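Here's query_13.cif, which has mmCIF, C-alpha atoms:
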```cif
data_my_file
loop_
_atom_site.label_atom_id
_atom_site.label_comp_id
_atom_site.auth_asym_id
_atom_site.auth_seq_id
_atom_site.Cartn_x
_atom_site.Cartn_y
_atom_site.Cartn_z
CA MET A 898 -23.45 9.23 93.93
CA ARG A 899 -23.53 7.91 90.37
CA PRO A 900 -26.49 5.74 89.29
CA GLN A 901 -25.56 2.14 88.45
CA PRO A 902 -27.04 -0.20 85.82
CA THR A 903 -30.31 -1.82 86.92
CA SER A 904 -30.87 -4.33 84.13
CA ALA A 905 -31.97 -7.80 85.19
CA GLU A 906 -28.71 -9.28 83.91
CA HIS A 907 -26.60 -6.89 85.99
CA LEU A 908 -28.67 -7.40 89.13
CA LEU A 909 -28.57 -11.19 88.86
CA ALA A 910 -24.83 -11.17 88.20
CA LEU A 911 -24.26 -8.99 91.27
CA ALA A 912 -26.49 -11.20 93.43
CA ARG A 913 -24.63 -14.34 92.33
CA GLN A 914 -21.32 -12.65 93.06
CA VAL A 915 -22.46 -11.81 96.60
CA LEU A 916 -23.65 -15.36 97.22
CA ASP A 917 -20.43 -16.84 95.83
CA ILE A 918 -18.30 -14.60 98.05
CA GLU A 919 -20.30 -15.51 101.13
CA ALA A 920 -20.23 -19.21 100.25
CA ASP A 921 -16.44 -18.98 99.91
CA ALA A 922 -16.31 -17.24 103.28
CA LEU A 923 -18.14 -20.15 104.91
CA ARG A 924 -15.77 -22.67 103.34
CA THR A 925 -12.84 -20.63 104.64
CA THR A 926 -14.36 -20.47 108.11
CA SER A 927 -14.78 -24.24 108.07
CA SER A 928 -11.14 -24.77 107.08
CA ARG A 929 -9.96 -22.53 109.92
CA LEU A 930 -11.77 -24.40 112.68
CA ASP A 931 -9.30 -25.52 115.31
CA ALA A 932 -9.06 -26.65 118.93
CA GLY A 933 -10.51 -23.30 119.98
CA PHE A 934 -13.93 -24.47 118.84
CA ALA A 935 -13.75 -27.59 121.03
CA ASP A 936 -12.51 -25.43 123.92
CA ALA A 937 -15.53 -23.15 123.51
CA VAL A 938 -17.93 -26.10 123.52
CA HIS A 939 -16.34 -27.55 126.65
CA LEU A 940 -16.45 -24.20 128.45
CA ILE A 941 -20.18 -23.91 127.79
CA LEU A 942 -20.89 -27.52 128.72
CA ALA A 943 -19.10 -26.97 132.03
CA CYS A 944 -21.03 -23.77 132.64
CA SER A 945 -23.65 -24.01 135.39
CA GLY A 946 -24.96 -20.54 134.56
CA ARG A 947 -25.92 -19.02 131.23
CA VAL A 948 -24.23 -17.92 128.04
CA VAL A 949 -24.24 -14.13 127.82
CA VAL A 950 -23.82 -13.07 124.19
CA SER A 951 -22.64 -9.55 123.39
CA GLY A 952 -21.62 -7.50 120.38
CA MET A 953 -21.90 -4.02 118.88
CA GLY A 954 -23.59 -2.98 115.65
CA LYS A 955 -24.06 -5.74 113.09
CA SER A 956 -22.15 -8.12 115.37
CA GLY A 957 -24.76 -7.38 118.00
CA HIS A 958 -27.59 -8.32 115.65
CA ILE A 959 -25.83 -11.59 114.85
CA GLY A 960 -25.20 -12.13 118.55
CA GLY A 961 -28.91 -11.76 119.29
CA LYS A 962 -29.72 -14.50 116.83
CA ILE A 963 -26.99 -16.76 118.22
CA ALA A 964 -28.34 -16.26 121.75
CA ALA A 965 -31.85 -17.15 120.56
CA THR A 966 -30.59 -20.28 118.78
CA LEU A 967 -28.63 -21.41 121.84
CA ALA A 968 -31.62 -20.87 124.12
CA SER A 969 -33.96 -22.84 121.84
CA THR A 970 -31.57 -25.79 121.57
CA GLY A 971 -30.90 -26.49 125.23
CA THR A 972 -28.28 -23.90 126.21
CA PRO A 973 -29.69 -21.09 128.40
CA ALA A 974 -28.54 -17.84 126.81
CA PHE A 975 -29.46 -14.18 126.39
CA PHE A 976 -28.09 -11.11 124.63
CA MET A 977 -26.52 -8.21 126.55
CA HIS A 978 -25.78 -4.92 124.79
CA PRO A 979 -22.14 -4.01 125.55
CA GLY A 980 -22.92 -0.29 125.66
CA GLU A 981 -25.57 -0.86 128.31
CA ALA A 982 -23.23 -3.20 130.19
CA SER A 983 -21.11 -0.21 131.26
CA HIS A 984 -24.23 1.44 132.65
CA GLY A 985 -25.50 -1.31 134.93
CA ASP A 986 -26.29 -4.29 132.72
CA LEU A 987 -22.98 -5.87 133.67
CA GLY A 988 -24.89 -7.04 136.72
CA MET A 989 -26.50 -9.62 134.44
CA ILE A 990 -23.23 -11.55 134.40
CA ALA A 991 -22.58 -13.98 137.25
CA GLN A 992 -19.53 -16.04 138.23
CA ASN A 993 -20.86 -19.24 136.68
CA ASP A 994 -21.68 -17.67 133.31
CA VAL A 995 -19.81 -17.75 130.01
CA VAL A 996 -19.62 -14.59 127.93
CA LEU A 997 -19.54 -14.94 124.13
CA ALA A 998 -18.23 -11.66 122.68
CA LEU A 999 -18.54 -10.94 118.94
CA SER A 1000 -16.38 -8.37 117.17
CA ASN A 1001 -14.99 -8.64 113.65
CA SER A 1002 -12.00 -6.45 114.51
CA GLY A 1003 -11.67 -7.80 118.03
CA GLU A 1004 -11.08 -4.23 119.16
CA SER A 1005 -14.60 -2.96 119.80
CA ASN A 1006 -14.17 -0.38 122.58
CA GLU A 1007 -17.46 -1.24 124.26
CA LEU A 1008 -16.42 -4.88 124.59
CA VAL A 1009 -12.74 -4.42 125.34
CA CYS A 1010 -13.45 -2.07 128.24
CA ILE A 1011 -15.69 -4.60 130.04
CA VAL A 1012 -13.35 -7.58 129.61
CA PRO A 1013 -11.48 -6.91 132.92
CA LEU A 1014 -14.81 -6.64 134.73
CA ILE A 1015 -16.01 -9.91 133.21
CA LYS A 1016 -12.85 -11.65 134.37
CA ARG A 1017 -13.10 -10.08 137.82
CA ARG A 1018 -16.55 -11.62 138.19
CA GLY A 1019 -15.07 -15.04 137.45
CA ALA A 1020 -17.01 -15.62 134.22
CA LYS A 1021 -15.30 -17.31 131.29
CA LEU A 1022 -14.84 -15.45 128.01
CA ILE A 1023 -15.21 -16.81 124.47
CA ALA A 1024 -14.30 -14.37 121.70
CA MET A 1025 -15.55 -14.68 118.12
CA THR A 1026 -13.47 -12.34 115.98
CA GLY A 1027 -11.98 -11.92 112.54
CA ASN A 1028 -8.56 -11.21 114.03
CA PRO A 1029 -6.91 -13.94 116.16
CA HIS A 1030 -4.27 -11.42 117.29
CA SER A 1031 -6.77 -8.85 118.56
CA THR A 1032 -7.24 -7.76 122.16
CA LEU A 1033 -10.43 -9.78 122.56
CA ALA A 1034 -8.83 -12.89 121.10
CA ARG A 1035 -5.78 -12.61 123.37
CA GLU A 1036 -7.87 -12.09 126.52
CA ALA A 1037 -10.35 -14.87 125.79
CA ASP A 1038 -10.36 -18.34 127.33
CA ALA A 1039 -11.30 -19.65 123.89
CA HIS A 1040 -11.23 -18.02 120.47
CA LEU A 1041 -13.46 -18.70 117.45
CA ASN A 1042 -11.89 -17.53 114.20
CA ALA A 1043 -14.50 -15.87 111.97
CA ALA A 1044 -12.04 -14.15 109.63
CA VAL A 1045 -13.00 -13.69 105.98
CA ASP A 1046 -10.82 -12.72 103.04
CA LYS A 1047 -13.19 -9.99 101.88
CA GLU A 1048 -16.69 -8.66 102.33
CA ALA A 1049 -19.36 -9.22 99.69
CA CYS A 1050 -19.91 -5.45 99.62
CA PRO A 1051 -18.27 -4.03 96.43
CA LEU A 1052 -16.62 -1.40 98.65
CA ASN A 1053 -15.35 -4.13 101.00
CA LEU A 1054 -16.81 -2.09 103.86
CA ALA A 1055 -20.33 -3.18 104.83
CA PRO A 1056 -20.36 -6.27 107.08
CA THR A 1057 -21.68 -9.00 104.79
CA ALA A 1058 -19.45 -12.05 104.43
CA SER A 1059 -18.08 -11.48 107.93
CA THR A 1060 -21.52 -11.47 109.55
CA THR A 1061 -22.54 -14.53 107.54
CA ALA A 1062 -19.44 -16.35 108.80
CA ALA A 1063 -20.15 -15.32 112.40
CA LEU A 1064 -23.77 -16.40 112.14
CA ALA A 1065 -22.82 -19.80 110.71
CA LEU A 1066 -20.13 -20.27 113.35
CA GLY A 1067 -22.74 -19.55 116.01
CA ASP A 1068 -25.01 -22.17 114.45
CA ALA A 1069 -22.13 -24.67 114.47
CA LEU A 1070 -21.58 -23.95 118.16
CA ALA A 1071 -25.28 -24.42 118.96
CA VAL A 1072 -25.48 -27.70 117.02
CA ALA A 1073 -22.33 -29.08 118.66
CA LEU A 1074 -23.81 -28.28 122.08
CA LEU A 1075 -27.18 -29.75 121.09
CA ASP A 1076 -25.46 -32.98 120.09
CA ALA A 1077 -23.30 -33.11 123.22
CA ARG A 1078 -26.35 -32.66 125.46
CA GLY A 1079 -28.38 -35.32 123.65
CA PHE A 1080 -31.02 -32.68 122.92
CA SER A 1081 -33.99 -34.39 121.22
CA ALA A 1082 -36.85 -33.36 118.97
CA ASP A 1083 -39.16 -33.55 121.99
CA ASP A 1084 -36.86 -31.20 123.90
CA PHE A 1085 -36.96 -28.79 120.96
CA ALA A 1086 -40.75 -28.94 120.83
CA ARG A 1087 -40.99 -28.08 124.52
CA SER A 1088 -39.13 -24.87 123.74
CA HIS A 1089 -41.55 -24.12 120.88
CA PRO A 1090 -45.01 -25.06 122.23
CA GLY A 1091 -46.76 -22.31 120.29
CA GLY A 1092 -45.46 -23.22 116.84
CA SER A 1093 -46.51 -25.85 114.35
CA LEU A 1094 -43.49 -27.96 115.29
CA GLY A 1095 -44.57 -27.98 118.93
CA ARG A 1096 -48.04 -29.10 117.98
CA ARG A 1097 -46.66 -31.88 115.79
CA LEU A 1098 -44.34 -33.17 118.51
CA LEU A 1099 -46.34 -32.53 121.67
CA VAL A 1100 -49.95 -33.28 120.74
CA HIS A 1101 -50.91 -36.91 121.31
CA VAL A 1102 -53.89 -38.85 120.09
CA ARG A 1103 -55.47 -38.77 123.57
CA ASP A 1104 -55.42 -34.95 123.42
CA VAL A 1105 -57.70 -34.79 120.36
CA MET A 1106 -59.73 -38.00 120.38
CA HIS A 1107 -63.43 -38.27 121.26
CA SER A 1108 -64.11 -40.40 124.31
CA GLY A 1109 -66.82 -41.07 126.89
CA ASP A 1110 -70.27 -39.91 125.79
CA GLU A 1111 -68.79 -38.38 122.61
CA LEU A 1112 -67.49 -41.74 121.41
CA PRO A 1113 -69.68 -43.40 118.74
CA LYS A 1114 -70.04 -47.13 119.41
CA ILE A 1115 -72.63 -49.86 119.01
CA ASP A 1116 -72.86 -53.58 119.72
CA ARG A 1117 -71.99 -55.89 116.84
CA ASP A 1118 -75.54 -57.31 116.75
CA ALA A 1119 -77.10 -53.83 116.46
CA SER A 1120 -79.33 -52.98 113.52
CA LEU A 1121 -78.39 -50.66 110.68
CA LYS A 1122 -80.95 -48.18 111.99
CA VAL A 1123 -79.20 -48.02 115.36
CA ALA A 1124 -75.85 -47.52 113.62
CA LEU A 1125 -77.21 -44.63 111.54
CA LEU A 1126 -78.70 -42.94 114.60
CA GLU A 1127 -75.38 -43.26 116.48
CA MET A 1128 -73.39 -41.85 113.55
CA THR A 1129 -75.80 -38.93 113.21
CA LYS A 1130 -75.76 -38.18 116.92
CA LYS A 1131 -71.97 -38.27 117.34
CA GLY A 1132 -71.12 -36.60 114.03
CA LEU A 1133 -67.86 -38.38 113.18
CA GLY A 1134 -69.06 -40.07 110.02
CA MET A 1135 -68.47 -43.47 111.57
CA THR A 1136 -69.20 -45.66 114.56
CA ALA A 1137 -67.14 -48.32 116.26
CA VAL A 1138 -68.61 -51.81 116.45
CA VAL A 1139 -67.64 -53.62 119.65
CA ASP A 1140 -68.21 -57.04 121.18
CA ALA A 1141 -69.58 -57.73 124.65
CA ALA A 1142 -66.15 -57.11 126.22
CA GLY A 1143 -65.79 -53.70 124.55
CA LYS A 1144 -63.15 -54.89 122.10
CA VAL A 1145 -63.24 -53.55 118.56
CA ALA A 1146 -64.90 -55.93 116.11
CA GLY A 1147 -65.19 -53.48 113.24
CA VAL A 1148 -66.10 -49.99 112.09
CA PHE A 1149 -69.11 -48.76 110.14
CA THR A 1150 -68.58 -45.59 108.10
CA ASP A 1151 -70.36 -43.35 105.63
CA GLY A 1152 -68.48 -45.23 102.91
CA ASP A 1153 -69.81 -48.58 104.15
CA LEU A 1154 -73.34 -47.14 104.05
CA ARG A 1155 -72.94 -45.91 100.46
CA ARG A 1156 -71.63 -49.29 99.35
CA ALA A 1157 -74.54 -51.05 101.10
CA LEU A 1158 -77.10 -48.83 99.35
CA GLU A 1159 -75.77 -49.92 95.97
CA HIS A 1160 -77.42 -53.30 96.62
CA ALA A 1161 -80.97 -54.30 97.39
CA LEU A 1162 -81.16 -53.97 101.15
CA ASP A 1163 -83.85 -54.22 103.79
CA LEU A 1164 -82.91 -51.25 105.97
CA GLN A 1165 -85.18 -52.43 108.77
CA GLN A 1166 -83.72 -55.94 109.00
CA ALA A 1167 -80.07 -55.35 108.07
CA ARG A 1168 -77.51 -55.93 110.83
CA VAL A 1169 -74.48 -53.72 111.03
CA SER A 1170 -72.20 -56.74 111.50
CA ASP A 1171 -73.02 -57.74 107.90
CA LEU A 1172 -72.05 -54.33 106.52
CA MET A 1173 -69.15 -53.15 108.71
CA THR A 1174 -65.46 -53.22 107.89
CA PRO A 1175 -63.94 -55.88 110.18
CA ASN A 1176 -60.48 -55.54 111.73
CA PRO A 1177 -60.26 -51.77 111.07
CA LYS A 1178 -57.12 -49.67 111.29
CA THR A 1179 -56.55 -48.42 114.83
CA ILE A 1180 -54.07 -46.34 116.79
CA GLY A 1181 -52.96 -46.06 120.42
CA ALA A 1182 -53.90 -43.12 122.60
CA ASP A 1183 -50.27 -42.42 123.53
CA GLU A 1184 -49.09 -42.10 119.94
CA LEU A 1185 -48.40 -38.68 118.47
CA ALA A 1186 -51.32 -37.09 116.67
CA VAL A 1187 -49.06 -36.61 113.65
CA ALA A 1188 -48.76 -40.41 113.45
CA ALA A 1189 -52.56 -40.55 113.09
CA VAL A 1190 -52.33 -38.07 110.21
CA GLU A 1191 -49.70 -40.19 108.47
CA LYS A 1192 -51.73 -43.37 108.93
CA MET A 1193 -54.91 -41.78 107.58
CA GLU A 1194 -53.11 -40.36 104.55
CA THR A 1195 -51.37 -43.66 103.82
CA MET A 1196 -54.55 -45.73 104.18
CA LYS A 1197 -56.70 -43.05 102.45
CA ILE A 1198 -59.20 -43.00 105.31
CA ASN A 1199 -60.74 -40.10 107.23
CA GLY A 1200 -61.06 -41.59 110.70
CA LEU A 1201 -59.41 -43.91 113.19
CA LEU A 1202 -60.53 -45.84 116.23
CA VAL A 1203 -58.31 -45.55 119.30
CA VAL A 1204 -57.64 -48.72 121.29
CA ASP A 1205 -55.60 -49.87 124.27
CA PRO A 1206 -53.04 -52.72 124.02
CA ASP A 1207 -55.89 -55.26 124.46
CA ASN A 1208 -57.82 -53.81 121.50
CA THR A 1209 -60.44 -52.33 123.82
CA LEU A 1210 -62.05 -49.19 122.38
CA VAL A 1211 -61.04 -45.98 124.19
CA GLY A 1212 -61.63 -43.27 121.59
CA ALA A 1213 -62.11 -42.15 118.00
CA LEU A 1214 -60.94 -39.25 115.86
CA ASN A 1215 -61.18 -38.00 112.31
CA MET A 1216 -59.15 -35.70 110.08
CA HIS A 1217 -61.25 -32.70 111.07
CA ASP A 1218 -60.14 -33.13 114.70
CA LEU A 1219 -56.50 -33.09 113.61
CA LEU A 1220 -57.02 -30.03 111.42
CA LYS A 1221 -58.71 -28.27 114.33
CA ALA A 1222 -55.77 -29.11 116.59
CA GLY A 1223 -53.35 -27.61 114.06
CA VAL A 1224 -51.48 -30.89 113.59
CA VAL A 1225 -52.14 -31.11 109.84
#
```
Final structure tokens representation of the file:
Amino acid sequence: MRPQPTSAEHLLALARQVLDIEADALRTTSSRLDAGFADAVHLILACSGRVVVSGMGKSGHIGGKIAATLASTGTPAFFMHPGEASHGDLGMIAQNDVVLALSNSGESNELVCIVPLIKRRGAKLIAMTGNPHSTLAREADAHLNAAVDKEACPLNLAPTASTTAALALGDALAVALLDARGFSADDFARSHPGGSLGRRLLVHVRDVMHSGDELPKIDRDASLKVALLEMTKKGLGMTAVVDAAGKVAGVFTDGDLRRALEHALDLQQARVSDLMTPNPKTIGADELAVAAVEKMETMKINGLLVVDPDNTLVGALNMHDLLKAGVV
């Protein structure tokens, strides 16, 4: 093995060459899309079972990612190793399933040998290959052409451009199915409850707001002293000011207090109704918590009162609550 140049210029030139080759491969894959892609989508949409993805070697690694993408976007799917399939895992495939088999050559022995058994079970077969005349392509109910003109590997041996094309074609399949099913952002979040996206799309204001005894509120004719005691006790840096019917009349915050102290003020006689911010910004309990974040950032405020459609106070929250919930 002869050492090769490692200068920054050489390395960057090689990296750009690889990326250009793989980008060209994707454009070629796009131009070769045909009715087989639509056939594959329709087969999966008609499937009452699951999509069983299989492939050997690098194709297997790509297949695992495709299965994960399908499963997270509304199409039940899992990966089955073709070598293990011949030793019992073929039992994972049922009559109502669709098998998606990946092989660049289309002649992978481990896949070709289980094709008759897949068909005998009544499952449909979609082949993703780089050879539309291969055994897998001929036997399939639908074929996805992932052929590339050359690999990005300088030896034209290591799967590089071909695996990129297969991966992108799998993404195209998942997105087409997502669109056909009307899969929404909320649906996606329900598949990702533990991630930041799930928190942003599943956490509502009612899940993080303070309510009941934790809710700071005072009557509009209360004194400034009462307001300060309520703010200190509840620890939100603000208190709601409500009328006799419990509807929001205003909000009194730390900022309102600082502004009041800039003027001569009789702290014993001052009424909170003279110092509060009337008609404050509010939010509904059923809105997403991320909407509260956006409103606070836009209005440059640190807290919000939560009201029902009649403007009756039901809760309060501040930015710290949203940070704690992982929404921010």
To verify the selection step, state as a ChimeraX atom specification which residues the PyMOL selection byres ((chain A and resi 950-959) around 7) yields on this input. /A:948-949,960-964,975-979,996-1000,1060,1064
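Nearest to A:Glu1191 of all the residues A:Ala1043, A:Met1216, A:Leu1125, A:Val915 is A:Met1216, counting all atoms listed in the file.
Shell of A:Asp1171 at 10 Å, with only C-alpha atoms counted and residues fewer than 3 places along the chain excluded, is A:Arg1117, A:Asp1118, A:Ser1120, A:Leu1121, A:Ala1157, A:Ala1167, A:Arg1168, A:Thr1174, A:Pro1175.
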Excluding same-chain residues fewer than 6 positions from A:His1107, what lies within 10 Å of it counting only C-alpha atoms, as a ChimeraX atom specification? /A:1113,1131,1133,1202-1203,1211-1215,1218
Excluding same-chain residues fewer than 2 positions from A:Val1169, what lies within 12 Å of it counting only C-alpha atoms, as a PDB file with C-alpha atoms, in the frame of the given file?
```
ATOM      1  CA  LYS A1114     -70.040 -47.130 119.410  1.00  0.00           C
ATOM      2  CA  ILE A1115     -72.630 -49.860 119.010  1.00  0.00           C
ATOM      3  CA  ASP A1116     -72.860 -53.580 119.720  1.00  0.00           C
ATOM      4  CA  ARG A1117     -71.990 -55.890 116.840  1.00  0.00           C
ATOM      5  CA  ASP A1118     -75.540 -57.310 116.750  1.00  0.00           C
ATOM      6  CA  ALA A1119     -77.100 -53.830 116.460  1.00  0.00           C
ATOM      7  CA  SER A1120     -79.330 -52.980 113.520  1.00  0.00           C
ATOM      8  CA  LEU A1121     -78.390 -50.660 110.680  1.00  0.00           C
ATOM      9  CA  LYS A1122     -80.950 -48.180 111.990  1.00  0.00           C
ATOM     10  CA  VAL A1123     -79.200 -48.020 115.360  1.00  0.00           C
ATOM     11  CA  ALA A1124     -75.850 -47.520 113.620  1.00  0.00           C
ATOM     12  CA  LEU A1125     -77.210 -44.630 111.540  1.00  0.00           C
ATOM     13  CA  GLU A1127     -75.380 -43.260 116.480  1.00  0.00           C
ATOM     14  CA  MET A1135     -68.470 -43.470 111.570  1.00  0.00           C
ATOM     15  CA  THR A1136     -69.200 -45.660 114.560  1.00  0.00           C
ATOM     16  CA  ALA A1137     -67.140 -48.320 116.260  1.00  0.00           C
ATOM     17  CA  VAL A1138     -68.610 -51.810 116.450  1.00  0.00           C
ATOM     18  CA  VAL A1139     -67.640 -53.620 119.650  1.00  0.00           C
ATOM     19  CA  ALA A1146     -64.900 -55.930 116.110  1.00  0.00           C
ATOM     20  CA  GLY A1147     -65.190 -53.480 113.240  1.00  0.00           C
ATOM     21  CA  VAL A1148     -66.100 -49.990 112.090  1.00  0.00           C
ATOM     22  CA  PHE A1149     -69.110 -48.760 110.140  1.00  0.00           C
ATOM     23  CA  THR A1150     -68.580 -45.590 108.100  1.00  0.00           C
ATOM     24  CA  ASP A1153     -69.810 -48.580 104.150  1.00  0.00           C
ATOM     25  CA  LEU A1154     -73.340 -47.140 104.050  1.00  0.00           C
ATOM     26  CA  ALA A1157     -74.540 -51.050 101.100  1.00  0.00           C
ATOM     27  CA  LEU A1162     -81.160 -53.970 101.150  1.00  0.00           C
ATOM     28  CA  ASP A1163     -83.850 -54.220 103.790  1.00  0.00           C
ATOM     29  CA  LEU A1164     -82.910 -51.250 105.970  1.00  0.00           C
ATOM     30  CA  GLN A1165     -85.180 -52.430 108.770  1.00  0.00           C
ATOM     31  CA  GLN A1166     -83.720 -55.940 109.000  1.00  0.00           C
ATOM     32  CA  ALA A1167     -80.070 -55.350 108.070  1.00  0.00           C
ATOM     33  CA  ASP A1171     -73.020 -57.740 107.900  1.00  0.00           C
ATOM     34  CA  LEU A1172     -72.050 -54.330 106.520  1.00  0.00           C
ATOM     35  CA  MET A1173     -69.150 -53.150 108.710  1.00  0.00           C
ATOM     36  CA  THR A1174     -65.460 -53.220 107.890  1.00  0.00           C
ATOM     37  CA  PRO A1175     -63.940 -55.880 110.180  1.00  0.00           C
TER      38      PRO A1175
END
```
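A cut-off of 9 Å from the point (-16.4, -17.2, 133.7), with all atoms listed in the file, picks out the residues Leu940, Cys944, Ile990, Ala991, Gln992, Asn993, Asp994, Val995, Val996, Ile1015, Lys1016, Arg1017, Arg1018, Gly1019, Ala1020, Lys1021, Leu1022 and Asp1038 of chain A.
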Measuring between only C-alpha atoms, which one of A:Val1102, A:Ala943, A:Ala1044, A:Ala1073 shows the shortest distance to A:Ser1059? A:Ala1044
Let me make sure I understand: among A:Val1145, A:Leu967, A:Met1193, A:Val1224, which one has the smallest atom-to-atom distance to A:Asp1205 if we use all atoms listed in the file? A:Val1145
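From atom CA of A:Pro1051 back to atom CA of A:Leu911, the distance works out to 9.3 Å.
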For stretch 999-1004 of chain A, I'd like the enclosing box, axis-aligned and padded by 3 Å on every side, reported as lines of an AutoDock Vina configuration file with centre and edge lengths in Å to one decimal.
```
center_x = -14.8
center_y = -7.6
center_z = 116.4
size_x = 13.5
size_y = 12.7
size_z = 11.5
```
I want to know what sits within 8 Å of A:Glu1004, based on all atoms listed in the file, with residues of the same chain fewer than 6 positions away left out; could you give that as an MDAnalysis selection string? chainID A and resid 1031:1033
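Within the file as shown, the PyMOL selection byres ((chain A and resi 1071) around 9) identifies Val938, Ile963, Thr966, Leu967, Ala968, Thr970, Gly971, Thr972, Leu1066, Gly1067, Asp1068, Ala1069, Leu1070, Val1072, Ala1073, Leu1074, Leu1075 and Asp1076 of chain A.
When the distance limit is 9 Å and only C-alpha atoms are what count, the residues near stretch 931-933 of chain A, minus those fewer than 2 positions from it on the same chain, are Ser928, Arg929, Ala935, Asp936, Ala937, Val938, Asp1038, Ala1039, His1040, Leu1041 and Asn1042 of chain A.
Across the model, the gap from atom CA of A:Gly980 to atom CA of A:Glu1007 is 5.7 Å.
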Using all atoms listed in the file, can you tell me which of A:Gly1181, A:Gly1134, A:Gly1079, A:Gly1143 comes closest to A:Thr1209? A:Gly1143
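As for atom CA of A:Lys1130 and atom CA of A:Ala1188, they are spaced 27.3 Å apart.
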Evaluate the PyMOL selection byres ((chain A and resi 1179) around 7) and record the selected residues as a PyMOL selection string, following the chain and residue labels used in the document. chain A and resi 1177-1178+1180+1201-1204
Using only C-alpha atoms, find all polymer residues with an atom at most 12 Å away from the point (-17.4, -21.0, 101.8); report them as a list in words. Val915, Leu916, Asp917, Ile918, Glu919, Ala920, Asp921, Ala922, Leu923, Arg924, Thr925, Thr926, Ser927, Ser928, Arg929, Ala1043, Ala1044, Val1045, Asp1046, Lys1047, Ala1058, Ser1059, Thr1061, Ala1062, Ala1065 and Leu1066 of chain A
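Counting only C-alpha atoms, the residue from A:Asn1208, A:Asn1001, A:Ser1170, A:Ser904 that sits nearest to A:Thr1057 is A:Asn1001.
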With distances taken over only C-alpha atoms, the candidate from A:Ala1037, A:Leu1008, A:Ala1077, A:Ala1024 nearest A:Leu942 is A:Ala1077
